[in-house]
Amino acid sequence: RVLIRTGNSFLPKIEALKILAIIHGRAPMKAPTIARLEAWAEGHSDIYLEVHETQGHFDALRRSKESAGFNTVLSCGGDGTNNEVLNGLMTIQPLERPTLAILPLGSGNDFARILPQRSTIELLSAIEKDQPNSIDILRVRTPNKQWFALNMITCGIGAEIAATVNRRKFSLPPAFNYYSGIIQWLMKYKAP
């Protein structure tokens, strides 16, 4: 808090809590989630909410790289969105880096399944009260690249499936897209 002088007394000036919500543009629950977030923010005069809907692959990464100045970045999607947001946040200097919050809206949500289950309202309340939990993240470094992961890194057939699903240009329901990628690779994969 910052104290401001008014006449002969000091009054606390409450700084706005700035939240950037990055929501997967094709999440099935996108519209009701945005409505719930906006209604919650409107009920709090000390909260600034910006909602960014992703437009494609790596959009969450790009937007989260620009999130210095926000207190919290709320990743609203699945494992892919969370991964992009995490990698974007890790490019920001530690003292300027916003807190990562996760609202699972993806088809798999593998990482979210290991977290304590919270309703949207409980999560927003924890953000408002500044009650984060610490987690470990994975850092992978090669001579040419560095990247981060929340719970796992895959190679072999898992990486091929993920790459296939991410390359597809046509719109499919997320679960169908993923499972058809698995079947496609099971039919043609040969271990190196």
# chains A, B, ... in the order shown; residues from 1 in each chain; ligands from 1

call {"tool": "residues_around", "arguments": {"residues": "Trp147 of chain A", "least_positions_apart": "2", "cutoff": "12 Å", "atoms": "only C-alpha atoms", "output": "PyMOL selection string"}}
result
chain A and resi 61+83-91+137-145+149-150+152-153

call {"tool": "select_by_dssp", "arguments": {"residues": "segment 10-191 of chain A", "states": "strand (DSSP E or B)", "output": "mmCIF file with C-alpha atoms, in the first residue's frame"}}
result
data_model
loop_
_atom_site.group_PDB
_atom_site.id
_atom_site.type_symbol
_atom_site.label_atom_id
_atom_site.label_comp_id
_atom_site.auth_asym_id
_atom_site.auth_seq_id
_atom_site.Cartn_x
_atom_site.Cartn_y
_atom_site.Cartn_z
ATOM 1 C CA PHE A 10 -2.541 10.122 5.634
ATOM 2 C CA LEU A 11 -4.953 7.740 3.928
ATOM 3 C CA PRO A 12 -4.035 4.436 2.303
ATOM 4 C CA LYS A 13 -4.213 4.413 -1.475
ATOM 5 C CA LEU A 17 -4.973 -5.690 -8.542
ATOM 6 C CA LYS A 18 -4.143 -6.197 -12.219
ATOM 7 C CA ILE A 19 -5.095 -9.557 -13.695
ATOM 8 C CA LEU A 20 -4.475 -10.719 -17.250
ATOM 9 C CA ALA A 21 -6.677 -13.660 -18.207
ATOM 10 C CA ILE A 22 -5.340 -15.547 -21.227
ATOM 11 C CA ILE A 23 -8.123 -17.811 -22.443
ATOM 12 C CA ILE A 47 -9.464 -4.986 -9.644
ATOM 13 C CA TYR A 48 -8.408 -4.383 -13.229
ATOM 14 C CA LEU A 49 -9.083 -7.343 -15.534
ATOM 15 C CA GLU A 50 -7.873 -7.717 -19.103
ATOM 16 C CA VAL A 51 -9.054 -10.729 -21.106
ATOM 17 C CA HIS A 52 -7.011 -11.988 -24.048
ATOM 18 C CA GLU A 53 -8.460 -14.741 -26.263
ATOM 19 C CA ALA A 68 5.059 -7.430 -16.730
ATOM 20 C CA PHE A 70 0.229 -7.396 -14.007
ATOM 21 C CA THR A 72 -1.412 -12.277 -11.899
ATOM 22 C CA VAL A 73 -1.709 -14.041 -15.234
ATOM 23 C CA LEU A 74 -4.676 -16.409 -15.250
ATOM 24 C CA SER A 75 -4.180 -19.216 -17.767
ATOM 25 C CA CYS A 76 -7.616 -20.409 -18.912
ATOM 26 C CA GLY A 77 -7.094 -23.468 -21.077
ATOM 27 C CA THR A 99 1.989 -14.923 -10.424
ATOM 28 C CA LEU A 100 0.641 -17.756 -12.578
ATOM 29 C CA ALA A 101 -2.906 -18.922 -11.816
ATOM 30 C CA ILE A 102 -4.565 -21.792 -13.665
ATOM 31 C CA LEU A 103 -8.244 -22.205 -14.496
ATOM 32 C CA PRO A 104 -8.592 -25.554 -16.321
ATOM 33 C CA LEU A 138 11.075 -28.204 -14.997
ATOM 34 C CA ARG A 139 13.788 -26.350 -16.897
ATOM 35 C CA VAL A 140 15.359 -27.973 -19.934
ATOM 36 C CA ARG A 141 18.475 -26.474 -21.464
ATOM 37 C CA GLN A 146 15.839 -23.342 -23.012
ATOM 38 C CA TRP A 147 12.227 -24.089 -22.117
ATOM 39 C CA PHE A 148 10.097 -24.805 -19.065
ATOM 40 C CA ALA A 149 7.338 -27.281 -18.224
#

call {"tool": "residues_around", "arguments": {"residues": "Ile92 of chain A", "least_positions_apart": "4", "cutoff": "7 Å", "atoms": "only C-alpha atoms", "output": "mmCIF file with C-alpha atoms, in the first residue's frame"}}
result
data_model
loop_
_atom_site.group_PDB
_atom_site.id
_atom_site.type_symbol
_atom_site.label_atom_id
_atom_site.label_comp_id
_atom_site.auth_asym_id
_atom_site.auth_seq_id
_atom_site.Cartn_x
_atom_site.Cartn_y
_atom_site.Cartn_z
ATOM 1 C CA LYS A 65 5.827 -12.348 -22.453
ATOM 2 C CA ALA A 68 5.059 -7.430 -16.730
ATOM 3 C CA GLU A 96 8.601 -8.195 -12.340
ATOM 4 C CA ARG A 97 7.104 -11.632 -13.065
#

call {"tool": "closest_residue", "arguments": {"among": "A:Ser125, A:Ser67, A:Ser180, A:Thr54", "to": "Lys30 of chain A", "atoms": "only C-alpha atoms"}}
result
A:Thr54

call {"tool": "closest_residue", "arguments": {"among": "A:Ile157, A:Leu172, A:Ala162, A:Ile121", "to": "Lys188 of chain A", "atoms": "only C-alpha atoms"}}
result
A:Ile157

call {"tool": "closest_residue", "arguments": {"among": "A:Ala27, A:Gly106, A:Gly69, A:Gly80", "to": "Gln93 of chain A", "atoms": "only C-alpha atoms"}}
result
A:Gly69

call {"tool": "atom_distance", "arguments": {"atom1": "atom CA of Glu38 of chain A", "atom2": "atom CA of Lys129 of chain A"}}
result
17.9 Å

call {"tool": "closest_residue", "arguments": {"among": "A:Thr120, A:Ser45, A:Asn109, A:Asn82", "to": "Thr33 of chain A", "atoms": "only C-alpha atoms"}}
result
A:Thr120

call {"tool": "atom_distance", "arguments": {"atom1": "atom CA of Asn177 of chain A", "atom2": "atom CA of Arg113 of chain A"}}
result
20.7 Å

call {"tool": "closest_residue", "arguments": {"among": "A:Ile34, A:Ile182, A:Val165, A:Ala41", "to": "Ile127 of chain A", "atoms": "only C-alpha atoms"}}
result
A:Ala41

call {"tool": "decode", "arguments": {"residues": "segment 107-146 of chain A", "atoms": "N, CA and C atoms", "output": "PDB file, in the first residue's frame"}}
result
ATOM      1  N   SER A 107      -9.035 -29.839 -22.834  1.00  0.00           N
ATOM      2  CA  SER A 107      -9.621 -31.170 -23.020  1.00  0.00           C
ATOM      3  C   SER A 107      -8.950 -32.210 -22.133  1.00  0.00           C
ATOM      4  N   GLY A 108      -7.682 -32.039 -21.832  1.00  0.00           N
ATOM      5  CA  GLY A 108      -6.981 -33.023 -21.014  1.00  0.00           C
ATOM      6  C   GLY A 108      -6.773 -32.566 -19.586  1.00  0.00           C
ATOM      7  N   ASN A 109      -6.214 -31.375 -19.424  1.00  0.00           N
ATOM      8  CA  ASN A 109      -5.957 -30.795 -18.109  1.00  0.00           C
ATOM      9  C   ASN A 109      -5.156 -31.718 -17.199  1.00  0.00           C
ATOM     10  N   ASP A 110      -4.154 -32.386 -17.748  1.00  0.00           N
ATOM     11  CA  ASP A 110      -3.346 -33.298 -16.933  1.00  0.00           C
ATOM     12  C   ASP A 110      -2.721 -32.587 -15.744  1.00  0.00           C
ATOM     13  N   PHE A 111      -2.158 -31.399 -15.961  1.00  0.00           N
ATOM     14  CA  PHE A 111      -1.527 -30.697 -14.858  1.00  0.00           C
ATOM     15  C   PHE A 111      -2.552 -30.282 -13.811  1.00  0.00           C
ATOM     16  N   ALA A 112      -3.684 -29.773 -14.237  1.00  0.00           N
ATOM     17  CA  ALA A 112      -4.700 -29.299 -13.284  1.00  0.00           C
ATOM     18  C   ALA A 112      -5.208 -30.427 -12.393  1.00  0.00           C
ATOM     19  N   ARG A 113      -5.136 -31.652 -12.861  1.00  0.00           N
ATOM     20  CA  ARG A 113      -5.617 -32.784 -12.060  1.00  0.00           C
ATOM     21  C   ARG A 113      -4.763 -33.033 -10.822  1.00  0.00           C
ATOM     22  N   ILE A 114      -3.517 -32.551 -10.816  1.00  0.00           N
ATOM     23  CA  ILE A 114      -2.678 -32.761  -9.635  1.00  0.00           C
ATOM     24  C   ILE A 114      -2.802 -31.605  -8.641  1.00  0.00           C
ATOM     25  N   LEU A 115      -3.512 -30.552  -9.015  1.00  0.00           N
ATOM     26  CA  LEU A 115      -3.708 -29.407  -8.129  1.00  0.00           C
ATOM     27  C   LEU A 115      -4.933 -29.626  -7.250  1.00  0.00           C
ATOM     28  N   PRO A 116      -4.989 -28.950  -6.094  1.00  0.00           N
ATOM     29  CA  PRO A 116      -6.221 -29.023  -5.298  1.00  0.00           C
ATOM     30  C   PRO A 116      -7.388 -28.486  -6.117  1.00  0.00           C
ATOM     31  N   GLN A 117      -8.502 -29.161  -6.075  1.00  0.00           N
ATOM     32  CA  GLN A 117      -9.667 -28.745  -6.843  1.00  0.00           C
ATOM     33  C   GLN A 117     -10.280 -27.498  -6.214  1.00  0.00           C
ATOM     34  N   ARG A 118     -10.437 -26.468  -7.014  1.00  0.00           N
ATOM     35  CA  ARG A 118     -11.048 -25.213  -6.574  1.00  0.00           C
ATOM     36  C   ARG A 118     -12.096 -24.799  -7.582  1.00  0.00           C
ATOM     37  N   SER A 119     -13.154 -24.204  -7.083  1.00  0.00           N
ATOM     38  CA  SER A 119     -14.122 -23.612  -7.997  1.00  0.00           C
ATOM     39  C   SER A 119     -13.519 -22.322  -8.546  1.00  0.00           C
ATOM     40  N   THR A 120     -14.131 -21.790  -9.580  1.00  0.00           N
ATOM     41  CA  THR A 120     -13.650 -20.534 -10.150  1.00  0.00           C
ATOM     42  C   THR A 120     -13.659 -19.438  -9.094  1.00  0.00           C
ATOM     43  N   ILE A 121     -14.717 -19.375  -8.303  1.00  0.00           N
ATOM     44  CA  ILE A 121     -14.822 -18.346  -7.267  1.00  0.00           C
ATOM     45  C   ILE A 121     -13.729 -18.524  -6.212  1.00  0.00           C
ATOM     46  N   GLU A 122     -13.444 -19.758  -5.818  1.00  0.00           N
ATOM     47  CA  GLU A 122     -12.374 -20.002  -4.845  1.00  0.00           C
ATOM     48  C   GLU A 122     -11.023 -19.573  -5.403  1.00  0.00           C
ATOM     49  N   LEU A 123     -10.776 -19.859  -6.672  1.00  0.00           N
ATOM     50  CA  LEU A 123      -9.525 -19.457  -7.304  1.00  0.00           C
ATOM     51  C   LEU A 123      -9.412 -17.936  -7.343  1.00  0.00           C
ATOM     52  N   LEU A 124     -10.477 -17.265  -7.749  1.00  0.00           N
ATOM     53  CA  LEU A 124     -10.448 -15.806  -7.817  1.00  0.00           C
ATOM     54  C   LEU A 124     -10.274 -15.191  -6.430  1.00  0.00           C
ATOM     55  N   SER A 125     -10.862 -15.792  -5.427  1.00  0.00           N
ATOM     56  CA  SER A 125     -10.697 -15.320  -4.052  1.00  0.00           C
ATOM     57  C   SER A 125      -9.245 -15.464  -3.602  1.00  0.00           C
ATOM     58  N   ALA A 126      -8.594 -16.581  -3.959  1.00  0.00           N
ATOM     59  CA  ALA A 126      -7.183 -16.776  -3.612  1.00  0.00           C
ATOM     60  C   ALA A 126      -6.309 -15.746  -4.320  1.00  0.00           C
ATOM     61  N   ILE A 127      -6.651 -15.404  -5.569  1.00  0.00           N
ATOM     62  CA  ILE A 127      -5.904 -14.376  -6.299  1.00  0.00           C
ATOM     63  C   ILE A 127      -6.083 -13.035  -5.593  1.00  0.00           C
ATOM     64  N   GLU A 128      -7.330 -12.722  -5.249  1.00  0.00           N
ATOM     65  CA  GLU A 128      -7.631 -11.448  -4.598  1.00  0.00           C
ATOM     66  C   GLU A 128      -6.916 -11.317  -3.249  1.00  0.00           C
ATOM     67  N   LYS A 129      -6.822 -12.415  -2.503  1.00  0.00           N
ATOM     68  CA  LYS A 129      -6.182 -12.392  -1.184  1.00  0.00           C
ATOM     69  C   LYS A 129      -4.670 -12.617  -1.268  1.00  0.00           C
ATOM     70  N   ASP A 130      -4.152 -12.769  -2.481  1.00  0.00           N
ATOM     71  CA  ASP A 130      -2.723 -13.021  -2.705  1.00  0.00           C
ATOM     72  C   ASP A 130      -2.260 -14.226  -1.892  1.00  0.00           C
ATOM     73  N   GLN A 131      -2.886 -15.367  -2.171  1.00  0.00           N
ATOM     74  CA  GLN A 131      -2.569 -16.613  -1.485  1.00  0.00           C
ATOM     75  C   GLN A 131      -2.077 -17.670  -2.474  1.00  0.00           C
ATOM     76  N   PRO A 132      -0.899 -17.443  -3.081  1.00  0.00           N
ATOM     77  CA  PRO A 132      -0.407 -18.434  -4.043  1.00  0.00           C
ATOM     78  C   PRO A 132       0.205 -19.644  -3.344  1.00  0.00           C
ATOM     79  N   ASN A 133       0.299 -20.729  -4.079  1.00  0.00           N
ATOM     80  CA  ASN A 133       1.041 -21.916  -3.660  1.00  0.00           C
ATOM     81  C   ASN A 133       2.298 -21.988  -4.513  1.00  0.00           C
ATOM     82  N   SER A 134       3.353 -22.529  -3.949  1.00  0.00           N
ATOM     83  CA  SER A 134       4.580 -22.709  -4.720  1.00  0.00           C
ATOM     84  C   SER A 134       4.576 -24.086  -5.365  1.00  0.00           C
ATOM     85  N   ILE A 135       5.089 -24.145  -6.584  1.00  0.00           N
ATOM     86  CA  ILE A 135       5.268 -25.427  -7.265  1.00  0.00           C
ATOM     87  C   ILE A 135       6.649 -25.419  -7.912  1.00  0.00           C
ATOM     88  N   ASP A 136       7.171 -26.594  -8.124  1.00  0.00           N
ATOM     89  CA  ASP A 136       8.414 -26.718  -8.874  1.00  0.00           C
ATOM     90  C   ASP A 136       8.074 -26.761 -10.356  1.00  0.00           C
ATOM     91  N   ILE A 137       8.966 -26.231 -11.162  1.00  0.00           N
ATOM     92  CA  ILE A 137       8.814 -26.351 -12.608  1.00  0.00           C
ATOM     93  C   ILE A 137      10.070 -27.013 -13.152  1.00  0.00           C
ATOM     94  N   LEU A 138       9.949 -27.569 -14.326  1.00  0.00           N
ATOM     95  CA  LEU A 138      11.075 -28.204 -14.997  1.00  0.00           C
ATOM     96  C   LEU A 138      11.734 -27.194 -15.931  1.00  0.00           C
ATOM     97  N   ARG A 139      13.052 -27.182 -15.938  1.00  0.00           N
ATOM     98  CA  ARG A 139      13.788 -26.350 -16.897  1.00  0.00           C
ATOM     99  C   ARG A 139      14.665 -27.273 -17.716  1.00  0.00           C
ATOM    100  N   VAL A 140      14.546 -27.163 -19.023  1.00  0.00           N
ATOM    101  CA  VAL A 140      15.359 -27.973 -19.934  1.00  0.00           C
ATOM    102  C   VAL A 140      16.234 -27.016 -20.721  1.00  0.00           C
ATOM    103  N   ARG A 141      17.530 -27.299 -20.717  1.00  0.00           N
ATOM    104  CA  ARG A 141      18.475 -26.474 -21.464  1.00  0.00           C
ATOM    105  C   ARG A 141      19.258 -27.345 -22.429  1.00  0.00           C
ATOM    106  N   THR A 142      19.363 -26.868 -23.631  1.00  0.00           N
ATOM    107  CA  THR A 142      20.239 -27.464 -24.624  1.00  0.00           C
ATOM    108  C   THR A 142      21.178 -26.346 -25.078  1.00  0.00           C
ATOM    109  N   PRO A 143      22.189 -26.649 -25.867  1.00  0.00           N
ATOM    110  CA  PRO A 143      23.086 -25.567 -26.307  1.00  0.00           C
ATOM    111  C   PRO A 143      22.365 -24.441 -27.047  1.00  0.00           C
ATOM    112  N   ASN A 144      21.232 -24.756 -27.690  1.00  0.00           N
ATOM    113  CA  ASN A 144      20.557 -23.754 -28.519  1.00  0.00           C
ATOM    114  C   ASN A 144      19.246 -23.230 -27.959  1.00  0.00           C
ATOM    115  N   LYS A 145      18.733 -23.846 -26.892  1.00  0.00           N
ATOM    116  CA  LYS A 145      17.382 -23.482 -26.463  1.00  0.00           C
ATOM    117  C   LYS A 145      17.196 -23.793 -24.984  1.00  0.00           C
ATOM    118  N   GLN A 146      16.259 -23.061 -24.380  1.00  0.00           N
ATOM    119  CA  GLN A 146      15.839 -23.342 -23.012  1.00  0.00           C
ATOM    120  C   GLN A 146      14.323 -23.247 -22.974  1.00  0.00           C
TER     121      GLN A 146
END
